[in-house]
Amino acid sequence: MSEHLSHAIPEPAADPPAQPVPVPELTADAHETVGDYTVADPVIRTRRVDVFYGDNHAIRNVDLDIGQNEVIALIGPSGCGKTTYLRCLNRMNDTIESARVTGEITLEGEDIYSRRMDVVMLRARVGMVFQKPNPFPKSVYDNVAYGPRIHGIARNRTELDQIVRRSLERAGLWSEVKDRLDEPGTGLSGGQQQRLCIARTIAVSPEVILMDEPCSALDPIATARIEDLIDELRQNYAIVIVTHSMQQAARVSQRVAYFHLGRLVEVGNTEAIFTNPRHRLTEDYITGRFG
Ligand SMILES: Nc1ncnc2c1ncn2[C@@H]1O[C@H](COP(=O)(O)OP(=O)(O)O)[C@@H](O)[C@H]1O
Ligand SMILES: [Mg+2]
């Protein structure tokens, strides 16, 4: 997204207010999403998605499309369901015993919750990058080679070497690690570890990359590096990123989805959301009145 737009958004005050303003209740008109949640050629399509953790109704009736070659930012106050929604898209919520997901989620038209769906394959097609970089306790090389090995993607060592190199190049890390491929991935700096995790994700040629606050553990320089990378990766992948930084959402995304207490309140193109939000809750959130 454009620089002028991210500069127009106020930086959060250095000193947070002593009394955090509570997240307001959903208004009566927040039960239907404002804005067009569809795209012409979606890679992922979600309809009437609800998620429960036991009795806690964490996601309420969310309809949203993810487009090809777009970065869509999920924003909203803490606890409003961004991570939960993101984790529906590659069935990561399957790993939480109390979680129950209903509704319809398709990837290229295929129902991802169908019994025929191979979940290991699904998670290669819809890869995930977490808040805290989580390289395996293996070498740099083996981190990136891990997915191609378990999916039998390379026919021989030469091909595997090529995939590893190409993935590290795409993740903008090759020049920094090409002489350290045998060293542990956990020995890299935080920003390098996060790029290693991105390389590991793209090594299996996903269609979609999910990122849950991927820069929140990184310093500003490493953050800028990842943001540039996200923009480059958009040429080949759809990216869904959760971020609590309005500036980051403005810089990296083309569309923004605003979540509030489990509802998708508003979705629209990034410039429109930040310059002319239509829902009062969206406006109050992006201008820093709460959250
Ligand atoms: N593993 C879990 N088990 C039970 N409840 C959870 C779990 N993860 C999240 N929740 C609940 O679901 C709601 C949404 O949380 P989350 O998706 O993490 O929000 P966000 O990412 O927007 O901060 C919250 O009420 C949270 O307490
Ligand atoms: Mg979260």
# chains A, B, ... in the order shown; residues from 1 in each chain; ligands from 1

$ closest_atom_pairs --of "chain A" --to "ligand 2" --cutoff "10 Å" --atoms "only C-alpha atoms and all ligand atoms" --output "JSON lines"
{"residue": "A:Leu74", "atom": "CA", "partner": "ligand 2", "partner_atom_place_in_ligand_line": "1 (Mg)", "distance": 9.8}
{"residue": "A:Ile75", "atom": "CA", "partner": "ligand 2", "partner_atom_place_in_ligand_line": "1 (Mg)", "distance": 9.6}
{"residue": "A:Gly76", "atom": "CA", "partner": "ligand 2", "partner_atom_place_in_ligand_line": "1 (Mg)", "distance": 9.5}
{"residue": "A:Pro77", "atom": "CA", "partner": "ligand 2", "partner_atom_place_in_ligand_line": "1 (Mg)", "distance": 9.2}
{"residue": "A:Ser78", "atom": "CA", "partner": "ligand 2", "partner_atom_place_in_ligand_line": "1 (Mg)", "distance": 6.6}
{"residue": "A:Gly79", "atom": "CA", "partner": "ligand 2", "partner_atom_place_in_ligand_line": "1 (Mg)", "distance": 6.7}
{"residue": "A:Cys80", "atom": "CA", "partner": "ligand 2", "partner_atom_place_in_ligand_line": "1 (Mg)", "distance": 8.1}
{"residue": "A:Gly81", "atom": "CA", "partner": "ligand 2", "partner_atom_place_in_ligand_line": "1 (Mg)", "distance": 6.9}
{"residue": "A:Lys82", "atom": "CA", "partner": "ligand 2", "partner_atom_place_in_ligand_line": "1 (Mg)", "distance": 5.5}
{"residue": "A:Thr83", "atom": "CA", "partner": "ligand 2", "partner_atom_place_in_ligand_line": "1 (Mg)", "distance": 4.1}
{"residue": "A:Thr84", "atom": "CA", "partner": "ligand 2", "partner_atom_place_in_ligand_line": "1 (Mg)", "distance": 7.2}
{"residue": "A:Tyr85", "atom": "CA", "partner": "ligand 2", "partner_atom_place_in_ligand_line": "1 (Mg)", "distance": 9.3}
{"residue": "A:Leu86", "atom": "CA", "partner": "ligand 2", "partner_atom_place_in_ligand_line": "1 (Mg)", "distance": 8.8}
{"residue": "A:Arg87", "atom": "CA", "partner": "ligand 2", "partner_atom_place_in_ligand_line": "1 (Mg)", "distance": 9.8}
{"residue": "A:Phe130", "atom": "CA", "partner": "ligand 2", "partner_atom_place_in_ligand_line": "1 (Mg)", "distance": 10.0}
{"residue": "A:Gln131", "atom": "CA", "partner": "ligand 2", "partner_atom_place_in_ligand_line": "1 (Mg)", "distance": 8.8}
{"residue": "A:Asp212", "atom": "CA", "partner": "ligand 2", "partner_atom_place_in_ligand_line": "1 (Mg)", "distance": 6.8}
{"residue": "A:Glu213", "atom": "CA", "partner": "ligand 2", "partner_atom_place_in_ligand_line": "1 (Mg)", "distance": 7.4}
{"residue": "A:Val242", "atom": "CA", "partner": "ligand 2", "partner_atom_place_in_ligand_line": "1 (Mg)", "distance": 7.3}
{"residue": "A:Thr243", "atom": "CA", "partner": "ligand 2", "partner_atom_place_in_ligand_line": "1 (Mg)", "distance": 8.4}
{"residue": "A:His244", "atom": "CA", "partner": "ligand 2", "partner_atom_place_in_ligand_line": "1 (Mg)", "distance": 8.8}

$ select_by_dssp --residues "stretch 38-187 of chain A" --states "strand (DSSP E or B)" --output "PyMOL selection string"
chain A and resi 42-53+56-67+71-75+99-107+110-111+126-129+139+184

$ write_last_selection --atoms "C-alpha atoms" --output "compact mmCIF listing (two decimals), in the first residue's frame"
# COMPACT_ATOMS: atom_id res chain seq x y z
CA PRO A 42 -11.41 -16.36 -4.91
CA VAL A 43 -8.75 -18.88 -3.90
CA ILE A 44 -10.52 -19.36 -0.58
CA ARG A 45 -14.22 -18.82 -0.03
CA THR A 46 -15.74 -18.92 3.48
CA ARG A 47 -19.47 -18.78 4.14
CA ARG A 48 -21.48 -18.75 7.38
CA VAL A 49 -18.43 -19.69 9.40
CA ASP A 50 -18.98 -20.10 13.13
CA VAL A 51 -16.39 -21.25 15.62
CA PHE A 52 -17.09 -22.32 19.17
CA TYR A 53 -14.63 -23.14 21.94
CA ASN A 56 -17.54 -19.49 23.76
CA HIS A 57 -18.90 -18.39 20.38
CA ALA A 58 -15.65 -16.96 18.96
CA ILE A 59 -16.57 -16.47 15.27
CA ARG A 60 -20.08 -15.55 14.24
CA ASN A 61 -21.42 -16.12 10.77
CA VAL A 62 -18.45 -14.87 8.76
CA ASP A 63 -18.63 -14.67 4.97
CA LEU A 64 -15.35 -13.69 3.27
CA ASP A 65 -13.44 -14.41 0.09
CA ILE A 66 -9.65 -14.42 -0.24
CA GLY A 67 -8.48 -13.34 -3.68
CA VAL A 71 -2.69 -9.42 0.72
CA ILE A 72 -5.71 -9.16 2.97
CA ALA A 73 -5.17 -7.83 6.49
CA LEU A 74 -7.35 -8.99 9.37
CA ILE A 75 -7.54 -6.29 12.01
CA ALA A 99 -12.95 -26.04 19.01
CA ARG A 100 -15.89 -26.68 16.69
CA VAL A 101 -16.05 -25.09 13.23
CA THR A 102 -19.23 -24.95 11.15
CA GLY A 103 -20.06 -23.39 7.79
CA GLU A 104 -18.44 -23.75 4.42
CA ILE A 105 -14.78 -23.20 3.57
CA THR A 106 -13.50 -24.02 0.12
CA LEU A 107 -10.01 -23.89 -1.39
CA GLU A 110 -12.86 -27.93 -2.75
CA ASP A 111 -14.46 -28.28 0.67
CA VAL A 126 -2.30 -23.22 2.89
CA GLY A 127 0.92 -22.58 4.81
CA MET A 128 1.23 -20.73 8.07
CA VAL A 129 3.76 -18.36 9.64
CA SER A 139 19.99 -26.98 10.22
CA PRO A 184 21.14 -24.60 13.28

$ select_by_dssp --residues "stretch 71-187 of chain A" --states "helix (DSSP H, G or I)" --output "ChimeraX atom specification"
/A:82-88,92-95,119-125,140-150,157-170,174-177,185-187

$ write_last_selection --atoms "C-alpha atoms" --output "CSV table (one decimal), in the first residue's frame"
chain,number,residue,atom,x,y,z
A,82,LYS,CA,-8.7,-12.9,14.1
A,83,THR,CA,-6.4,-15.8,14.9
A,84,THR,CA,-9.4,-18.2,15.2
A,85,TYR,CA,-10.7,-17.2,11.8
A,86,LEU,CA,-7.2,-17.5,10.3
A,87,ARG,CA,-6.7,-21.0,11.8
A,88,CYS,CA,-10.0,-22.2,10.2
A,92,MET,CA,-5.3,-25.6,12.5
A,93,ASN,CA,-8.3,-25.4,14.9
A,94,ASP,CA,-8.6,-29.2,14.5
A,95,THR,CA,-5.7,-29.4,17.0
A,119,VAL,CA,-5.1,-32.3,6.1
A,120,VAL,CA,-1.3,-32.6,5.8
A,121,MET,CA,-1.6,-31.8,2.1
A,122,LEU,CA,-4.0,-28.9,3.0
A,123,ARG,CA,-1.5,-27.4,5.3
A,124,ALA,CA,1.1,-27.5,2.6
A,125,ARG,CA,-1.3,-25.7,0.2
A,140,VAL,CA,19.0,-24.1,8.0
A,141,TYR,CA,19.0,-26.5,5.0
A,142,ASP,CA,16.9,-29.1,6.8
A,143,ASN,CA,14.3,-26.6,7.9
A,144,VAL,CA,13.6,-25.7,4.3
A,145,ALA,CA,14.0,-29.2,3.0
A,146,TYR,CA,11.6,-30.6,5.6
A,147,GLY,CA,8.4,-30.1,3.6
A,148,PRO,CA,9.7,-31.1,0.2
A,149,ARG,CA,11.0,-34.3,1.9
A,150,ILE,CA,7.8,-35.3,3.6
A,157,ARG,CA,19.5,-34.3,-4.0
A,158,THR,CA,20.2,-31.9,-6.8
A,159,GLU,CA,16.5,-31.0,-7.1
A,160,LEU,CA,16.2,-30.7,-3.4
A,161,ASP,CA,19.2,-28.3,-3.3
A,162,GLN,CA,17.5,-26.2,-6.0
A,163,ILE,CA,14.3,-26.0,-4.1
A,164,VAL,CA,16.1,-25.0,-0.9
A,165,ARG,CA,18.1,-22.4,-2.6
A,166,ARG,CA,15.2,-21.0,-4.6
A,167,SER,CA,13.0,-20.8,-1.4
A,168,LEU,CA,15.7,-19.1,0.6
A,169,GLU,CA,16.2,-16.6,-2.3
A,170,ARG,CA,12.5,-15.9,-2.5
A,174,TRP,CA,19.9,-16.8,0.7
A,175,SER,CA,22.8,-14.3,0.6
A,176,GLU,CA,22.8,-14.2,4.4
A,177,VAL,CA,22.8,-18.0,5.0
A,185,GLY,CA,18.2,-22.5,12.2
A,186,THR,CA,17.7,-21.4,15.8
A,187,GLY,CA,21.1,-19.7,15.7

$ closest_residue --among "A:Glu232, A:Glu97, A:Glu25, A:Glu32" --to "A:Glu266" --atoms "only C-alpha atoms"
A:Glu32

$ closest_residue --among "A:Val256, A:Ile96, A:Ala28, A:Ala203" --to "ligand 1" --atoms "only C-alpha atoms and all ligand atoms"
A:Ile96

$ decode --residues "stretch 191-229 of chain A" --atoms "N, CA and C atoms" --output "PDB file, in the first residue's frame"
ATOM      1  N   GLY A 191      14.744 -11.874  12.967  1.00  0.00           N
ATOM      2  CA  GLY A 191      14.233 -11.542  11.635  1.00  0.00           C
ATOM      3  C   GLY A 191      14.619 -12.602  10.606  1.00  0.00           C
ATOM      4  N   GLN A 192      15.857 -13.117  10.744  1.00  0.00           N
ATOM      5  CA  GLN A 192      16.291 -14.194   9.832  1.00  0.00           C
ATOM      6  C   GLN A 192      15.492 -15.464  10.088  1.00  0.00           C
ATOM      7  N   GLN A 193      15.218 -15.750  11.348  1.00  0.00           N
ATOM      8  CA  GLN A 193      14.418 -16.948  11.668  1.00  0.00           C
ATOM      9  C   GLN A 193      13.037 -16.847  11.040  1.00  0.00           C
ATOM     10  N   GLN A 194      12.444 -15.635  11.087  1.00  0.00           N
ATOM     11  CA  GLN A 194      11.110 -15.494  10.512  1.00  0.00           C
ATOM     12  C   GLN A 194      11.171 -15.679   8.989  1.00  0.00           C
ATOM     13  N   ARG A 195      12.233 -15.164   8.358  1.00  0.00           N
ATOM     14  CA  ARG A 195      12.372 -15.389   6.909  1.00  0.00           C
ATOM     15  C   ARG A 195      12.659 -16.862   6.606  1.00  0.00           C
ATOM     16  N   LEU A 196      13.360 -17.533   7.534  1.00  0.00           N
ATOM     17  CA  LEU A 196      13.568 -18.979   7.363  1.00  0.00           C
ATOM     18  C   LEU A 196      12.225 -19.711   7.418  1.00  0.00           C
ATOM     19  N   CYS A 197      11.355 -19.290   8.331  1.00  0.00           N
ATOM     20  CA  CYS A 197      10.031 -19.925   8.424  1.00  0.00           C
ATOM     21  C   CYS A 197       9.216 -19.656   7.159  1.00  0.00           C
ATOM     22  N   ILE A 198       9.384 -18.476   6.586  1.00  0.00           N
ATOM     23  CA  ILE A 198       8.702 -18.175   5.326  1.00  0.00           C
ATOM     24  C   ILE A 198       9.276 -19.050   4.207  1.00  0.00           C
ATOM     25  N   ALA A 199      10.605 -19.209   4.187  1.00  0.00           N
ATOM     26  CA  ALA A 199      11.230 -20.088   3.180  1.00  0.00           C
ATOM     27  C   ALA A 199      10.719 -21.519   3.327  1.00  0.00           C
ATOM     28  N   ARG A 200      10.599 -21.982   4.560  1.00  0.00           N
ATOM     29  CA  ARG A 200      10.095 -23.336   4.826  1.00  0.00           C
ATOM     30  C   ARG A 200       8.662 -23.486   4.308  1.00  0.00           C
ATOM     31  N   THR A 201       7.881 -22.423   4.482  1.00  0.00           N
ATOM     32  CA  THR A 201       6.487 -22.452   4.019  1.00  0.00           C
ATOM     33  C   THR A 201       6.410 -22.484   2.494  1.00  0.00           C
ATOM     34  N   ILE A 202       7.206 -21.654   1.830  1.00  0.00           N
ATOM     35  CA  ILE A 202       7.075 -21.570   0.376  1.00  0.00           C
ATOM     36  C   ILE A 202       7.789 -22.723  -0.346  1.00  0.00           C
ATOM     37  N   ALA A 203       8.627 -23.483   0.383  1.00  0.00           N
ATOM     38  CA  ALA A 203       9.346 -24.600  -0.248  1.00  0.00           C
ATOM     39  C   ALA A 203       8.393 -25.659  -0.799  1.00  0.00           C
ATOM     40  N   VAL A 204       7.164 -25.714  -0.278  1.00  0.00           N
ATOM     41  CA  VAL A 204       6.210 -26.715  -0.774  1.00  0.00           C
ATOM     42  C   VAL A 204       5.187 -26.084  -1.725  1.00  0.00           C
ATOM     43  N   SER A 205       5.519 -24.889  -2.250  1.00  0.00           N
ATOM     44  CA  SER A 205       4.660 -24.191  -3.222  1.00  0.00           C
ATOM     45  C   SER A 205       3.200 -24.082  -2.778  1.00  0.00           C
ATOM     46  N   PRO A 206       2.955 -23.355  -1.691  1.00  0.00           N
ATOM     47  CA  PRO A 206       1.566 -23.208  -1.235  1.00  0.00           C
ATOM     48  C   PRO A 206       0.787 -22.304  -2.183  1.00  0.00           C
ATOM     49  N   GLU A 207      -0.526 -22.331  -2.029  1.00  0.00           N
ATOM     50  CA  GLU A 207      -1.362 -21.378  -2.770  1.00  0.00           C
ATOM     51  C   GLU A 207      -1.639 -20.143  -1.924  1.00  0.00           C
ATOM     52  N   VAL A 208      -1.693 -20.368  -0.620  1.00  0.00           N
ATOM     53  CA  VAL A 208      -2.044 -19.292   0.317  1.00  0.00           C
ATOM     54  C   VAL A 208      -1.058 -19.348   1.486  1.00  0.00           C
ATOM     55  N   ILE A 209      -0.660 -18.177   1.981  1.00  0.00           N
ATOM     56  CA  ILE A 209       0.165 -18.127   3.191  1.00  0.00           C
ATOM     57  C   ILE A 209      -0.601 -17.352   4.261  1.00  0.00           C
ATOM     58  N   LEU A 210      -0.769 -17.962   5.407  1.00  0.00           N
ATOM     59  CA  LEU A 210      -1.424 -17.318   6.543  1.00  0.00           C
ATOM     60  C   LEU A 210      -0.327 -16.805   7.467  1.00  0.00           C
ATOM     61  N   MET A 211      -0.452 -15.560   7.895  1.00  0.00           N
ATOM     62  CA  MET A 211       0.563 -14.998   8.793  1.00  0.00           C
ATOM     63  C   MET A 211      -0.140 -14.379   9.989  1.00  0.00           C
ATOM     64  N   ASP A 212       0.191 -14.865  11.170  1.00  0.00           N
ATOM     65  CA  ASP A 212      -0.446 -14.349  12.379  1.00  0.00           C
ATOM     66  C   ASP A 212       0.509 -13.427  13.127  1.00  0.00           C
ATOM     67  N   GLU A 213       0.342 -12.134  12.944  1.00  0.00           N
ATOM     68  CA  GLU A 213       1.213 -11.123  13.553  1.00  0.00           C
ATOM     69  C   GLU A 213       2.690 -11.491  13.392  1.00  0.00           C
ATOM     70  N   PRO A 214       3.138 -11.672  12.139  1.00  0.00           N
ATOM     71  CA  PRO A 214       4.473 -12.233  11.905  1.00  0.00           C
ATOM     72  C   PRO A 214       5.618 -11.319  12.318  1.00  0.00           C
ATOM     73  N   CYS A 215       5.330 -10.049  12.571  1.00  0.00           N
ATOM     74  CA  CYS A 215       6.411  -9.118  12.895  1.00  0.00           C
ATOM     75  C   CYS A 215       6.388  -8.679  14.351  1.00  0.00           C
ATOM     76  N   SER A 216       5.442  -9.193  15.127  1.00  0.00           N
ATOM     77  CA  SER A 216       5.291  -8.603  16.455  1.00  0.00           C
ATOM     78  C   SER A 216       6.458  -8.916  17.385  1.00  0.00           C
ATOM     79  N   ALA A 217       7.273  -9.928  17.033  1.00  0.00           N
ATOM     80  CA  ALA A 217       8.451 -10.192  17.871  1.00  0.00           C
ATOM     81  C   ALA A 217       9.722  -9.605  17.247  1.00  0.00           C
ATOM     82  N   LEU A 218       9.578  -8.789  16.199  1.00  0.00           N
ATOM     83  CA  LEU A 218      10.757  -8.325  15.462  1.00  0.00           C
ATOM     84  C   LEU A 218      11.000  -6.835  15.653  1.00  0.00           C
ATOM     85  N   ASP A 219      12.271  -6.435  15.461  1.00  0.00           N
ATOM     86  CA  ASP A 219      12.595  -5.007  15.539  1.00  0.00           C
ATOM     87  C   ASP A 219      12.164  -4.320  14.243  1.00  0.00           C
ATOM     88  N   PRO A 220      12.175  -2.963  14.226  1.00  0.00           N
ATOM     89  CA  PRO A 220      11.654  -2.249  13.049  1.00  0.00           C
ATOM     90  C   PRO A 220      12.364  -2.585  11.736  1.00  0.00           C
ATOM     91  N   ILE A 221      13.664  -2.839  11.795  1.00  0.00           N
ATOM     92  CA  ILE A 221      14.390  -3.127  10.551  1.00  0.00           C
ATOM     93  C   ILE A 221      13.982  -4.492  10.008  1.00  0.00           C
ATOM     94  N   ALA A 222      13.925  -5.480  10.902  1.00  0.00           N
ATOM     95  CA  ALA A 222      13.492  -6.818  10.476  1.00  0.00           C
ATOM     96  C   ALA A 222      12.042  -6.776  10.002  1.00  0.00           C
ATOM     97  N   THR A 223      11.233  -5.942  10.646  1.00  0.00           N
ATOM     98  CA  THR A 223       9.828  -5.788  10.246  1.00  0.00           C
ATOM     99  C   THR A 223       9.722  -5.240   8.829  1.00  0.00           C
ATOM    100  N   ALA A 224      10.522  -4.204   8.549  1.00  0.00           N
ATOM    101  CA  ALA A 224      10.487  -3.600   7.214  1.00  0.00           C
ATOM    102  C   ALA A 224      10.891  -4.628   6.158  1.00  0.00           C
ATOM    103  N   ARG A 225      11.878  -5.456   6.507  1.00  0.00           N
ATOM    104  CA  ARG A 225      12.349  -6.504   5.593  1.00  0.00           C
ATOM    105  C   ARG A 225      11.219  -7.499   5.280  1.00  0.00           C
ATOM    106  N   ILE A 226      10.478  -7.905   6.316  1.00  0.00           N
ATOM    107  CA  ILE A 226       9.374  -8.857   6.127  1.00  0.00           C
ATOM    108  C   ILE A 226       8.246  -8.194   5.329  1.00  0.00           C
ATOM    109  N   GLU A 227       7.987  -6.926   5.598  1.00  0.00           N
ATOM    110  CA  GLU A 227       6.917  -6.240   4.856  1.00  0.00           C
ATOM    111  C   GLU A 227       7.247  -6.149   3.370  1.00  0.00           C
ATOM    112  N   ASP A 228       8.512  -5.874   3.045  1.00  0.00           N
ATOM    113  CA  ASP A 228       8.914  -5.846   1.628  1.00  0.00           C
ATOM    114  C   ASP A 228       8.712  -7.218   1.006  1.00  0.00           C
ATOM    115  N   LEU A 229       9.080  -8.218   1.786  1.00  0.00           N
ATOM    116  CA  LEU A 229       8.963  -9.592   1.306  1.00  0.00           C
ATOM    117  C   LEU A 229       7.496  -9.954   1.040  1.00  0.00           C
TER     118      LEU A 229
END
